Amino acid sequence: MAHIRNCRENTAFTFQDITMTLAELNQRFGISNHIRFTEISGGLIAADIDNAHASAGITLQGAHLMTFQPRGQEPVIWLSKYAKFAAGKSIRGGVPICWPWFGPHATDSKLPGHGYARTVMWEVLETKALPDGSTFIRLGLVETDATRAQWPHPSSAQVEITVGKALRVELVTHNSGKEVFTLGEALHTYFHISDVAQMTIQGLAGCDYLDKVGEPARRTQQDGIVIASEVDRVYVDTAADCVIEDRGLKRAIRIAKQGSRSTVVWNPWTEKADKMGDFGQDGHRGMVCVESANAFDNVVSVAPGATHRLAVVYSVETLK
Ligand code: TA6
């Protein structure tokens, strides 16, 4: 089993096959002017990416991209100032990976909502400095008896992240077993916006959605999405790009996805955000989740030997 020894307390996080200290991790995968690994609060290990185009931070726990800020831009990804960092705890903000199910587990309410991928260890498999000055990192979910107990399907999950002027995240699922399995997943991305009252989400007009606020209901989106109360919607059968128009920042964030048929739009609004305890006062006003997913009607059957990819490119445009 591999060990990342915390260089101060010499505690070990055990996962596959490589014994590595933080120094060895940097020696093996660090790239000057691109990526280095540091210990952050809660004893978590993070990849700190800083290149000519942008900066980003990714924890090995959950392969969780916490931050992304292109040079000269406001942050694109929102991270709560009250996010908690601890082993086994999900981080409020960034790009949580919901896998291998989205929302509550279909049959066992004791299992974690949105799956376990975002709270278990992932290991660094590859880092690269790309010719255009972007930085690439590939991480793999580390299977353990605890993960196999929740998901008894031989499989692997990897995430490939490219940090440049745009941010590209690709979630790759491989079925290494002999049985087909059904996969639910999402890149549960939190976006930084000037204020929710200054924002409209385009791209989902005409799409059906499951409205999870109050009595669940199926509705059809008429126009752009404007948020003035709690919104929790799963738009189904849509491969469309979404665009977050932010009049306050005079910019638009484009969300261009492949391999995803669902888009989730979520803002907890005041009451839910207060209950969650890690949004802070009015924290919900500076964020919106637009999640590229395969959920509900759109869960994916992955055949034995098959590989399923969900990829999203997040880019910033000037608001016309
Ligand atoms: O994607 C929206 C949602 O399913 C909401 O219903 C809410 O539960 C949100 O995810 C956050 O979930 P979390 O487990 O991260 O607190």
# chains A, B, ... in the order shown; residues from 1 in each chain; ligands from 1
>>> residues_near_ligand(ligand="ligand 1", cutoff="9 Å", atoms="only C-alpha atoms and all ligand atoms", output="PyMOL selection string")
chain A and resi 90-93+96+98+102-104+112-114+186+188-189+212-213+231-234+264-268+272+276+289-291
>>> residues_around(residues="Leu125 (chain A)", least_positions_apart="4", cutoff="10 Å", atoms="only C-alpha atoms", output="list of chain:residue names")
A:Phe29, A:Ile137, A:Arg138, A:Leu139, A:Gly140, A:Gln158, A:Val159, A:Glu160
>>> closest_atom_pairs(of="region 65-169 of chain A", to="region 35-50 of chain A", cutoff="7 Å", atoms="only C-alpha atoms", output="CSV")
residue,atom,partner,partner_atom,distance
A:Phe85,CA,A:Gly42,CA,5.1
A:Ala86,CA,A:Gly42,CA,4.5
A:Ala87,CA,A:Gly42,CA,6.8
>>> closest_residue(among="A:Phe136, A:Leu204, A:Ala157, A:Ala83", to="Gly283 (chain A)", atoms="only C-alpha atoms")
A:Ala83
>>> select_by_dssp(residues="region 215-311 of chain A", states="strand (DSSP E)", output="number ranges by chain")
A: 217-220, 231-235, 242-246, 251-258, 262-267, 287-294, 300-302, 307-311
>>> residues_around(residues="Thr263 (chain A)", least_positions_apart="5", cutoff="12 Å", atoms="only C-alpha atoms", output="tab-separated table (two decimals) with N, CA and C atoms, in the first residue's frame")
chain	number	residue	atom	x	y	z
A	102	PHE	N	-25.37	9.95	-8.26
A	102	PHE	CA	-25.69	11.37	-8.04
A	102	PHE	C	-26.88	11.43	-7.09
A	185	GLU	N	-23.36	10.42	-12.17
A	185	GLU	CA	-22.14	11.21	-11.97
A	185	GLU	C	-22.43	12.69	-12.21
A	186	ALA	N	-21.55	13.52	-11.68
A	186	ALA	CA	-21.64	14.96	-11.96
A	186	ALA	C	-20.33	15.63	-11.61
A	187	LEU	N	-19.99	16.62	-12.40
A	187	LEU	CA	-18.99	17.61	-11.97
A	187	LEU	C	-19.83	18.73	-11.36
A	188	HIS	N	-19.85	18.75	-10.04
A	188	HIS	CA	-20.81	19.58	-9.27
A	188	HIS	C	-20.22	21.00	-9.09
A	189	THR	N	-20.01	21.68	-10.16
A	189	THR	CA	-19.20	22.89	-10.18
A	189	THR	C	-19.89	24.14	-9.64
A	201	ILE	N	-28.71	32.45	-16.61
A	201	ILE	CA	-28.10	31.24	-17.20
A	201	ILE	C	-28.84	30.92	-18.50
A	202	GLN	N	-28.07	30.92	-19.60
A	202	GLN	CA	-28.65	30.61	-20.91
A	202	GLN	C	-28.26	29.19	-21.33
A	203	GLY	N	-29.08	28.62	-22.23
A	203	GLY	CA	-28.72	27.32	-22.82
A	203	GLY	C	-29.71	26.21	-22.52
A	204	LEU	N	-30.66	26.48	-21.61
A	204	LEU	CA	-31.57	25.39	-21.21
A	204	LEU	C	-33.03	25.67	-21.56
A	207	CYS	N	-35.84	22.95	-22.34
A	207	CYS	CA	-35.50	21.65	-21.74
A	207	CYS	C	-36.45	21.31	-20.60
A	208	ASP	N	-36.74	20.03	-20.47
A	208	ASP	CA	-37.51	19.55	-19.31
A	208	ASP	C	-36.58	19.45	-18.11
A	209	TYR	N	-37.13	19.68	-16.93
A	209	TYR	CA	-36.32	19.51	-15.72
A	209	TYR	C	-37.15	18.95	-14.58
A	210	LEU	N	-36.45	18.26	-13.70
A	210	LEU	CA	-37.03	17.77	-12.45
A	210	LEU	C	-36.79	18.87	-11.42
A	232	ASP	N	-33.25	24.16	-7.41
A	232	ASP	CA	-32.58	22.86	-7.40
A	232	ASP	C	-33.23	22.03	-8.50
A	233	ARG	N	-32.66	22.09	-9.68
A	233	ARG	CA	-33.30	21.53	-10.88
A	233	ARG	C	-32.33	20.61	-11.62
A	234	VAL	N	-32.85	19.47	-12.06
A	234	VAL	CA	-32.07	18.56	-12.90
A	234	VAL	C	-32.66	18.61	-14.30
A	235	TYR	N	-31.98	19.30	-15.20
A	235	TYR	CA	-32.42	19.36	-16.60
A	235	TYR	C	-31.96	18.08	-17.29
A	236	VAL	N	-32.88	17.44	-18.00
A	236	VAL	CA	-32.56	16.14	-18.60
A	236	VAL	C	-32.53	16.22	-20.13
A	237	ASP	N	-31.87	15.24	-20.72
A	237	ASP	CA	-31.78	15.10	-22.19
A	237	ASP	C	-31.26	16.37	-22.85
A	238	THR	N	-30.22	16.94	-22.28
A	238	THR	CA	-29.62	18.14	-22.87
A	238	THR	C	-28.11	18.02	-22.92
A	239	ALA	N	-27.59	18.24	-24.12
A	239	ALA	CA	-26.13	18.21	-24.33
A	239	ALA	C	-25.60	19.62	-24.55
A	240	ALA	N	-26.52	20.60	-24.37
A	240	ALA	CA	-26.19	21.98	-24.77
A	240	ALA	C	-25.12	22.61	-23.88
A	241	ASP	N	-24.37	23.53	-24.48
A	241	ASP	CA	-23.53	24.43	-23.68
A	241	ASP	C	-24.46	25.28	-22.81
A	242	CYS	N	-23.97	25.62	-21.64
A	242	CYS	CA	-24.66	26.64	-20.83
A	242	CYS	C	-23.73	27.85	-20.75
A	243	VAL	N	-24.35	29.02	-20.60
A	243	VAL	CA	-23.57	30.25	-20.45
A	243	VAL	C	-24.11	31.01	-19.25
A	255	ILE	N	-19.90	26.90	-20.38
A	255	ILE	CA	-19.76	25.53	-19.87
A	255	ILE	C	-20.07	24.61	-21.05
A	256	ALA	N	-19.01	24.09	-21.69
A	256	ALA	CA	-19.16	23.28	-22.91
A	256	ALA	C	-18.84	21.83	-22.55
A	257	LYS	N	-19.89	20.98	-22.61
A	257	LYS	CA	-19.73	19.61	-22.09
A	257	LYS	C	-19.85	18.58	-23.20
A	258	GLN	N	-19.25	17.42	-22.95
A	258	GLN	CA	-19.40	16.24	-23.82
A	258	GLN	C	-19.60	15.04	-22.90
A	289	CYS	N	-24.39	26.90	-8.84
A	289	CYS	CA	-23.88	25.62	-9.37
A	289	CYS	C	-24.54	25.35	-10.71
A	290	VAL	N	-23.72	25.08	-11.71
A	290	VAL	CA	-24.20	24.55	-12.99
A	290	VAL	C	-23.38	23.29	-13.21
A	291	GLU	N	-24.06	22.14	-13.04
A	291	GLU	CA	-23.35	20.87	-12.93
A	291	GLU	C	-23.56	20.01	-14.18
A	292	SER	N	-22.49	19.59	-14.78
A	292	SER	CA	-22.58	18.71	-15.96
A	292	SER	C	-22.65	17.28	-15.44
A	293	ALA	N	-23.74	16.59	-15.75
A	293	ALA	CA	-24.03	15.34	-15.03
A	293	ALA	C	-24.62	14.30	-15.97
A	294	ASN	N	-24.78	13.11	-15.42
A	294	ASN	CA	-25.66	12.06	-15.98
A	294	ASN	C	-26.43	11.54	-14.78
A	295	ALA	N	-27.67	11.97	-14.66
A	295	ALA	CA	-28.45	11.68	-13.45
A	295	ALA	C	-29.90	11.41	-13.82
A	296	PHE	N	-30.63	10.75	-12.90
A	296	PHE	CA	-32.07	10.45	-13.11
A	296	PHE	C	-32.27	9.79	-14.47
A	297	ASP	N	-33.06	10.40	-15.35
A	297	ASP	CA	-33.36	9.74	-16.65
A	297	ASP	C	-32.07	9.43	-17.42
A	298	ASN	N	-30.99	10.10	-17.09
A	298	ASN	CA	-29.79	10.05	-17.94
A	298	ASN	C	-28.63	9.25	-17.35
A	312	VAL	N	-15.75	18.53	-19.65
A	312	VAL	CA	-16.30	19.89	-19.67
A	312	VAL	C	-15.14	20.89	-19.81
>>> select_by_dssp(residues="region 8-199 of chain A", states="helix (DSSP H, G or I)", output="list in words")
Leu22, Ala23, Glu24, Leu25, Asn26, Gln27, Arg28, Phe29, Ser41, Gly42, Gly43, Ala117, Arg118, Thr119, Asp145, Ala146, Thr147, Arg148, Ala149, Gln150, Val196, Ala197 and Gln198 of chain A
>>> write_last_selection(atoms="N, CA, C and O atoms", output="short mmCIF file (atom, residue, chain, number, x, y, z; two decimals), in the first residue's frame")
data_model
loop_
_atom_site.label_atom_id
_atom_site.label_comp_id
_atom_site.auth_asym_id
_atom_site.auth_seq_id
_atom_site.Cartn_x
_atom_site.Cartn_y
_atom_site.Cartn_z
N LEU A 22 5.81 13.99 0.85
CA LEU A 22 5.46 15.17 0.07
C LEU A 22 6.65 15.56 -0.83
O LEU A 22 6.49 15.88 -2.01
N ALA A 23 7.85 15.44 -0.27
CA ALA A 23 9.05 15.80 -1.05
C ALA A 23 9.19 14.87 -2.25
O ALA A 23 9.47 15.30 -3.37
N GLU A 24 8.90 13.58 -2.02
CA GLU A 24 9.02 12.63 -3.13
C GLU A 24 7.92 12.87 -4.17
O GLU A 24 8.14 12.77 -5.38
N LEU A 25 6.73 13.27 -3.68
CA LEU A 25 5.63 13.57 -4.61
C LEU A 25 6.05 14.73 -5.52
O LEU A 25 5.85 14.69 -6.74
N ASN A 26 6.68 15.73 -4.90
CA ASN A 26 7.14 16.87 -5.71
C ASN A 26 8.26 16.47 -6.64
O ASN A 26 8.31 16.90 -7.80
N GLN A 27 9.11 15.58 -6.13
CA GLN A 27 10.22 15.17 -6.99
C GLN A 27 9.70 14.42 -8.21
O GLN A 27 10.12 14.62 -9.33
N ARG A 28 8.68 13.59 -7.95
CA ARG A 28 8.18 12.72 -9.04
C ARG A 28 7.21 13.45 -9.98
O ARG A 28 7.23 13.26 -11.19
N PHE A 29 6.38 14.36 -9.43
CA PHE A 29 5.31 14.96 -10.25
C PHE A 29 5.35 16.49 -10.28
O PHE A 29 4.59 17.10 -11.01
N SER A 41 -4.62 23.08 5.10
CA SER A 41 -5.27 22.84 6.40
C SER A 41 -5.97 21.47 6.40
O SER A 41 -6.33 20.94 5.35
N GLY A 42 -6.11 20.95 7.58
CA GLY A 42 -6.75 19.63 7.74
C GLY A 42 -5.81 18.51 7.36
O GLY A 42 -6.20 17.35 7.29
N GLY A 43 -4.54 18.86 7.07
CA GLY A 43 -3.56 17.83 6.71
C GLY A 43 -3.76 17.30 5.30
O GLY A 43 -3.19 16.30 4.89
N ALA A 117 -16.70 9.35 -4.10
CA ALA A 117 -15.46 9.75 -4.79
C ALA A 117 -14.88 11.05 -4.23
O ALA A 117 -13.66 11.22 -4.16
N ARG A 118 -15.72 11.98 -3.83
CA ARG A 118 -15.21 13.31 -3.43
C ARG A 118 -14.62 13.32 -2.03
O ARG A 118 -14.04 14.32 -1.61
N THR A 119 -14.72 12.21 -1.29
CA THR A 119 -14.18 12.22 0.08
C THR A 119 -13.15 11.13 0.32
O THR A 119 -12.76 10.89 1.46
N ASP A 145 -11.17 -1.42 0.58
CA ASP A 145 -12.28 -2.28 0.99
C ASP A 145 -13.53 -1.44 1.23
O ASP A 145 -14.65 -1.85 0.90
N ALA A 146 -13.33 -0.22 1.77
CA ALA A 146 -14.49 0.66 2.08
C ALA A 146 -15.19 1.09 0.79
O ALA A 146 -16.42 1.13 0.73
N THR A 147 -14.42 1.37 -0.26
CA THR A 147 -15.10 1.80 -1.51
C THR A 147 -15.76 0.60 -2.17
O THR A 147 -16.89 0.70 -2.65
N ARG A 148 -15.06 -0.54 -2.11
CA ARG A 148 -15.65 -1.72 -2.78
C ARG A 148 -16.92 -2.17 -2.07
O ARG A 148 -17.85 -2.68 -2.69
N ALA A 149 -16.98 -1.90 -0.77
CA ALA A 149 -18.20 -2.28 -0.02
C ALA A 149 -19.40 -1.43 -0.48
O ALA A 149 -20.54 -1.87 -0.43
N GLN A 150 -19.12 -0.23 -0.97
CA GLN A 150 -20.22 0.66 -1.43
C GLN A 150 -20.53 0.46 -2.91
O GLN A 150 -21.62 0.80 -3.36
N VAL A 196 -26.10 37.14 -7.46
CA VAL A 196 -27.12 36.29 -8.11
C VAL A 196 -28.17 37.13 -8.84
O VAL A 196 -28.74 36.70 -9.84
N ALA A 197 -28.37 38.37 -8.39
CA ALA A 197 -29.38 39.24 -9.04
C ALA A 197 -28.87 39.79 -10.37
O ALA A 197 -29.63 40.34 -11.16
N GLN A 198 -27.57 39.64 -10.61
CA GLN A 198 -26.96 40.19 -11.85
C GLN A 198 -26.70 39.09 -12.88
O GLN A 198 -25.92 39.30 -13.82
#
>>> closest_residue(among="A:Ser315, A:Ser176, A:Ser80, A:Gln73", to="Val302 (chain A)", atoms="only C-alpha atoms")
A:Ser176
